[in-house]
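Written below as structure tokens is the structure these notes are about.
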Amino acid sequence: MKQFSTVLVAAVALFFAVNAEVAEEKDVLVLTTDNFDEVVTEDNYVLAEFYAPWCGHCKSLEPEYAKAAGALKAEGSAIKLAKCDATVETKLAEKFEVRGYPTLKFFKNGKPLEYAGGRTADEIVNWVKKKTGPPATVLDSVDAAKTAIEANEVAVIGFFKDDTNENAKAFLEAASGIDDIPFYITSNEDVAKENKAEGDAVVLFKKFDEGRNDYDGEYDAEKITAFVQANQLPLVVEFTQESAQKIFGGDQKKHILLFISKKTDNFQSTLDDYKGAAGDFKGEVLFIYINVDDEENARILEFFGLKTEDVPTVRYISLGEDMVKYKPETDELSTEAVKKFVSSVLDGSLKPHLMTEDVPEDWDAKPVKVLVGKNFEEVALNKEKNVFVEFYAPWCGHCKQLAPIWDELAEKFKDNEDVVVAKMDSTTNEVESVKVQSFPTLKFFPKGSDEIVDYNGERTLEGFTKFLQSGGKEGSGPSDEEGEDEDEVDEEEGEEEIEQKDEL
């Protein structure tokens with residue numbers, strides 16, 4: 001009997017080994033619930049993409065991801081790239097808290113780490129190599145250095161007579177904190193001479209703009225990091241899904257955006273004028289241009305309250321806890337006009353721009369009152385009324401689900417002279433007193449008070465009714481439902497909401 005049991009166990013093990021064989025598509029391993037644990041534990045280093053077949057960003061990433069996988073495979077790397085259809089392998093997606101697509105996680109000896117690199121093949125390869133090897137690769141010959149410079153869009157080389165001195169240590173510390181750019185280090189005199197580097201030096205080589213930048217500051221890790229971040233991008237960057245990570249993931253939070261069509265006759269001359277202004281603000285303001293011909297950029301136009309007929313035009317945005325937007329006082333796009341616009345923002349002489357529509361003639365014809373920027377203060381901040389406002393986006397699925405309930409609520413209180421139920425499209429209207437971070441956002445403005453109360457209760461007619469009858473007390477605290485508009489994404493509307501977060 002014991003022998004039979006041993007044979008049975010062996011047979012079962014062989015069955016699962018055969019059936020858990022890992023398929024491969026374009027050098028990318030295909031992960032399933034059956035083979036997942038085997039892959040991420042047997043292979044020391046695995047970058048796994050959780051995707052949805054319908055996701056636009058996943059489709060854009062696919063060729064770059066496959067190219068990165070092929071490059072790693074060609075050089076015999078132990079690092080593997082894999083993918084998992086999260087709409088099929090739902091238990092895996094739930095286990096690793098996949099809330100948007102694509103989600104990439106790096107598994108090192110079976111332990112997951114959030115991927116924080118870019119979406120081009122080179123950026124993916126550089127990031128995973130940084131996570132598995134030394135912060136900087138040693139260059140021991142002129143040919144090795146030449147290959148490193150030619151193979152990368154951006155490469156940083158530290159030249160040190162003694163690669164163990166304090167300057168070299170500061171360089172390596174900076175290198176360890178930047179994952180998407182390759183760093184190299186050398187103490188070879190021939191390499192230094194060939195690249196015109198004297199003494200201890202740090203040089204950023206790039207295939208755009210001036211071609212190289214020589215560091216001339218103190219050997220401090222933070223300052224070297226700042227130097228690299230200020231020079232790693234072109235003076236003017238085109239916004240694409242591939243460049244989005246570097247644009248919004250970096251430390252530079254002051255951006256000016258040029259909205260323009262590449263099909264227009266004066267595209268190049270307008271871009272040249274724009275670039276002419278960028279040099280004066282290098283390292284302080286990031287200059288970006290957005291091709292409005294790309295349908296995926298339509299949401300960004302909407303975010304700034306723009307339409308295709310408004311372009312070419314520029315807008316300035318300061319990213320942070322609150323996103324502050326600025327609009328130039330003139331439509332002129334000459335180099336001097338752009339410089340003046342940016343300078344007026346930086347010196348504080350230009351006030352932030354708040355979008356608003358004109359007040360509709362029938363704004364108060366229905367039980368739910370329609371607010372825009374121009375009538376918001378008059379209605380919502382009227383201290384003689386209790387005003388309950390929904391801040392929404394027309395494309396938001398949760399807002400669409402809420403709409404009939406909100407209509408019912410307004411109908412119920414339409415004869416109550418003390419209560420106003422209203423809504424405002426926050427994609428085309430902004431107000432200084434309310435910062436909307438997600439949709440729908442529900443705010444209560446109590447009668448006779450300057451207080452603004454957040455509603456976080458149940459989104460039901462009963463919940464809203466109790467809240468209004470309690471004077472904004474019941475339902476004003478945190479609840480289980482809080483945050484669902486940002487985190488819970490279904491297949492129908494998920495992609496557009498994920499795009500909103502990726503881009504902005």
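Please note that chains go A, B, ... in the order of the structure tokens, that every chain numbers its residues from 1, and that ligands are numbered from 1 in the order shown.
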
Based on the backbone DSSP call, show me all residues of segment 237-437 of chain A assigned strand (DSSP E), as a ChimeraX atom specification. /A:237-238,254-260,286-291,313-318,324-326,368-371,386-392,419-425

Distance in Å - atom CA of Phe439 of chain A versus atom CA of Tyr392 of chain A: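 Those two atoms sit 5.4 Å apart.
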
So the first atom is atom CA of Ala69 of chain A and the second is atom CA of Arg212 of chain A; what is the distance between them in Å, to one decimal place?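 Between atom CA of Ala69 of chain A and atom CA of Arg212 of chain A the gap is 29.1 Å.
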
Alpha helix (DSSP H) per DSSP on the backbone: members of segment 50-288 of chain A, as number ranges by chain: A: 56-74, 90-95, 121-132, 142-151, 166-176, 189-194, 221-231, 244-249, 267-278

Quick one: everything within 6 Å of segment 296-311 of chain A, counting only C-alpha atoms, minus sequence neighbours fewer than 5 positions away in the same chain. Send it as an MDAnalysis selection string. chainID A and resid 259:260 427:428

Just the residues within 10 Å of Asn375 of chain A, please, counting only C-alpha atoms, with nothing from its chain fewer than 2 positions along; format it as an MDAnalysis selection string. chainID A and resid 356:360 363 370:373 377:381

Dump as a JSON list (two decimals), in the first residue's frame, selection limited to all heavy atoms:
[["chain", "number", "residue", "atom", "x", "y", "z"],
["A", 356, "THR", "N", -15.06, 78.00, -16.34],
["A", 356, "THR", "CA", -16.49, 78.14, -16.09],
["A", 356, "THR", "C", -17.25, 78.20, -17.41],
["A", 356, "THR", "O", -16.75, 78.71, -18.42],
["A", 356, "THR", "CB", -16.83, 79.40, -15.28],
["A", 356, "THR", "OG1", -18.24, 79.44, -15.03],
["A", 356, "THR", "CG2", -16.41, 80.66, -16.02],
["A", 357, "GLU", "N", -18.45, 77.64, -17.38],
["A", 357, "GLU", "CA", -19.37, 77.79, -18.51],
["A", 357, "GLU", "C", -20.27, 78.99, -18.22],
["A", 357, "GLU", "O", -20.32, 79.50, -17.10],
["A", 357, "GLU", "CB", -20.23, 76.52, -18.65],
["A", 357, "GLU", "CG", -19.45, 75.27, -18.98],
["A", 357, "GLU", "CD", -20.35, 74.05, -19.00],
["A", 357, "GLU", "OE1", -20.81, 73.64, -17.92],
["A", 357, "GLU", "OE2", -20.58, 73.52, -20.10],
["A", 358, "ASP", "N", -21.00, 79.41, -19.24],
["A", 358, "ASP", "CA", -22.00, 80.45, -19.02],
["A", 358, "ASP", "C", -23.18, 79.84, -18.27],
["A", 358, "ASP", "O", -23.44, 78.63, -18.38],
["A", 358, "ASP", "CB", -22.49, 81.02, -20.35],
["A", 358, "ASP", "CG", -21.41, 81.86, -21.04],
["A", 358, "ASP", "OD1", -20.58, 82.46, -20.32],
["A", 358, "ASP", "OD2", -21.38, 81.89, -22.28],
["A", 359, "VAL", "N", -23.89, 80.66, -17.53],
["A", 359, "VAL", "CA", -25.04, 80.18, -16.76],
["A", 359, "VAL", "C", -26.17, 79.81, -17.72],
["A", 359, "VAL", "O", -26.62, 80.66, -18.50],
["A", 359, "VAL", "CB", -25.54, 81.25, -15.76],
["A", 359, "VAL", "CG1", -26.73, 80.71, -14.98],
["A", 359, "VAL", "CG2", -24.41, 81.67, -14.82],
["A", 360, "PRO", "N", -26.63, 78.57, -17.69],
["A", 360, "PRO", "CA", -27.74, 78.18, -18.59],
["A", 360, "PRO", "C", -29.00, 78.96, -18.24],
["A", 360, "PRO", "O", -29.26, 79.25, -17.06],
["A", 360, "PRO", "CB", -27.93, 76.68, -18.29],
["A", 360, "PRO", "CG", -26.66, 76.24, -17.62],
["A", 360, "PRO", "CD", -26.16, 77.43, -16.87],
["A", 363, "TRP", "N", -31.17, 77.04, -15.72],
["A", 363, "TRP", "CA", -30.38, 76.39, -14.68],
["A", 363, "TRP", "C", -31.22, 75.99, -13.46],
["A", 363, "TRP", "O", -30.91, 75.01, -12.78],
["A", 363, "TRP", "CB", -29.23, 77.30, -14.24],
["A", 363, "TRP", "CG", -29.66, 78.50, -13.43],
["A", 363, "TRP", "CD1", -30.02, 79.72, -13.91],
["A", 363, "TRP", "CD2", -29.77, 78.58, -12.03],
["A", 363, "TRP", "NE1", -30.36, 80.56, -12.89],
["A", 363, "TRP", "CE2", -30.20, 79.89, -11.71],
["A", 363, "TRP", "CE3", -29.56, 77.69, -10.97],
["A", 363, "TRP", "CZ2", -30.42, 80.32, -10.40],
["A", 363, "TRP", "CZ3", -29.77, 78.11, -9.67],
["A", 363, "TRP", "CH2", -30.19, 79.42, -9.39],
["A", 370, "VAL", "N", -28.68, 73.57, -11.73],
["A", 370, "VAL", "CA", -27.43, 73.41, -12.48],
["A", 370, "VAL", "C", -26.48, 74.56, -12.12],
["A", 370, "VAL", "O", -26.80, 75.74, -12.34],
["A", 370, "VAL", "CB", -27.68, 73.39, -14.00],
["A", 370, "VAL", "CG1", -26.35, 73.27, -14.75],
["A", 370, "VAL", "CG2", -28.61, 72.23, -14.36],
["A", 371, "LEU", "N", -25.32, 74.20, -11.57],
["A", 371, "LEU", "CA", -24.33, 75.20, -11.21],
["A", 371, "LEU", "C", -23.17, 75.21, -12.19],
["A", 371, "LEU", "O", -22.78, 74.18, -12.72],
["A", 371, "LEU", "CB", -23.79, 74.92, -9.80],
["A", 371, "LEU", "CG", -24.81, 74.86, -8.66],
["A", 371, "LEU", "CD1", -24.10, 74.69, -7.32],
["A", 371, "LEU", "CD2", -25.69, 76.10, -8.64],
["A", 372, "VAL", "N", -22.64, 76.39, -12.41],
["A", 372, "VAL", "CA", -21.40, 76.58, -13.18],
["A", 372, "VAL", "C", -20.52, 77.52, -12.36],
["A", 372, "VAL", "O", -20.95, 78.02, -11.31],
["A", 372, "VAL", "CB", -21.69, 77.16, -14.58],
["A", 372, "VAL", "CG1", -22.51, 76.20, -15.42],
["A", 372, "VAL", "CG2", -22.39, 78.52, -14.48],
["A", 373, "GLY", "N", -19.31, 77.74, -12.83],
["A", 373, "GLY", "CA", -18.42, 78.61, -12.06],
["A", 373, "GLY", "C", -18.99, 79.99, -11.80],
["A", 373, "GLY", "O", -18.80, 80.57, -10.73],
["A", 377, "GLU", "N", -21.03, 80.68, -6.37],
["A", 377, "GLU", "CA", -21.02, 81.39, -5.08],
["A", 377, "GLU", "C", -22.41, 81.91, -4.73],
["A", 377, "GLU", "O", -22.85, 81.81, -3.58],
["A", 377, "GLU", "CB", -20.02, 82.55, -5.13],
["A", 377, "GLU", "CG", -18.57, 82.09, -5.12],
["A", 377, "GLU", "CD", -17.61, 83.24, -4.89],
["A", 377, "GLU", "OE1", -18.09, 84.35, -4.56],
["A", 377, "GLU", "OE2", -16.40, 83.03, -5.02],
["A", 378, "GLU", "N", -23.11, 82.44, -5.73],
["A", 378, "GLU", "CA", -24.44, 83.00, -5.49],
["A", 378, "GLU", "C", -25.41, 81.95, -4.96],
["A", 378, "GLU", "O", -26.22, 82.22, -4.08],
["A", 378, "GLU", "CB", -24.98, 83.58, -6.81],
["A", 378, "GLU", "CG", -26.39, 84.12, -6.72],
["A", 378, "GLU", "CD", -26.94, 84.52, -8.08],
["A", 378, "GLU", "OE1", -26.15, 84.56, -9.05],
["A", 378, "GLU", "OE2", -28.15, 84.76, -8.17],
["A", 379, "VAL", "N", -25.30, 80.70, -5.46],
["A", 379, "VAL", "CA", -26.24, 79.65, -5.07],
["A", 379, "VAL", "C", -25.71, 78.81, -3.92],
["A", 379, "VAL", "O", -26.35, 78.67, -2.87],
["A", 379, "VAL", "CB", -26.56, 78.74, -6.28],
["A", 379, "VAL", "CG1", -27.51, 77.62, -5.85],
["A", 379, "VAL", "CG2", -27.16, 79.55, -7.42],
["A", 380, "ALA", "N", -24.54, 78.23, -4.08],
["A", 380, "ALA", "CA", -24.02, 77.29, -3.09],
["A", 380, "ALA", "C", -23.61, 77.96, -1.78],
["A", 380, "ALA", "O", -23.75, 77.37, -0.70],
["A", 380, "ALA", "CB", -22.83, 76.52, -3.66],
["A", 381, "LEU", "N", -23.12, 79.19, -1.86],
["A", 381, "LEU", "CA", -22.66, 79.87, -0.65],
["A", 381, "LEU", "C", -23.71, 80.82, -0.08],
["A", 381, "LEU", "O", -23.40, 81.68, 0.76],
["A", 381, "LEU", "CB", -21.35, 80.63, -0.95],
["A", 381, "LEU", "CG", -20.21, 79.78, -1.53],
["A", 381, "LEU", "CD1", -18.93, 80.61, -1.63],
["A", 381, "LEU", "CD2", -19.96, 78.53, -0.70]]

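Here the question is which of A:Thr90, A:Cys55, A:Cys396, A:Val125 gets nearest to Lys67 of chain A using only C-alpha atoms, and that residue is A:Val125.
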
Counting only C-alpha atoms, which residue out of A:Asn456, A:Asp180, A:Pro352, A:Asp163 sits closest to Gly249 of chain A?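 Among the listed residues, the smallest separation from Gly249 of chain A belongs to A:Asp180.
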
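Take atom CA of Ile224 of chain A and atom CA of Asp200 of chain A: the distance between them is 13.1 Å.
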
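Every protein or nucleic acid residue with an atom no more than 7 Å from Ile256 of chain A, counting only C-alpha atoms and leaving out same-chain residues fewer than 6 positions away, appears here: Leu286, Phe287, Ile288, Val314, Arg315, Tyr316 and Ile317 of chain A.
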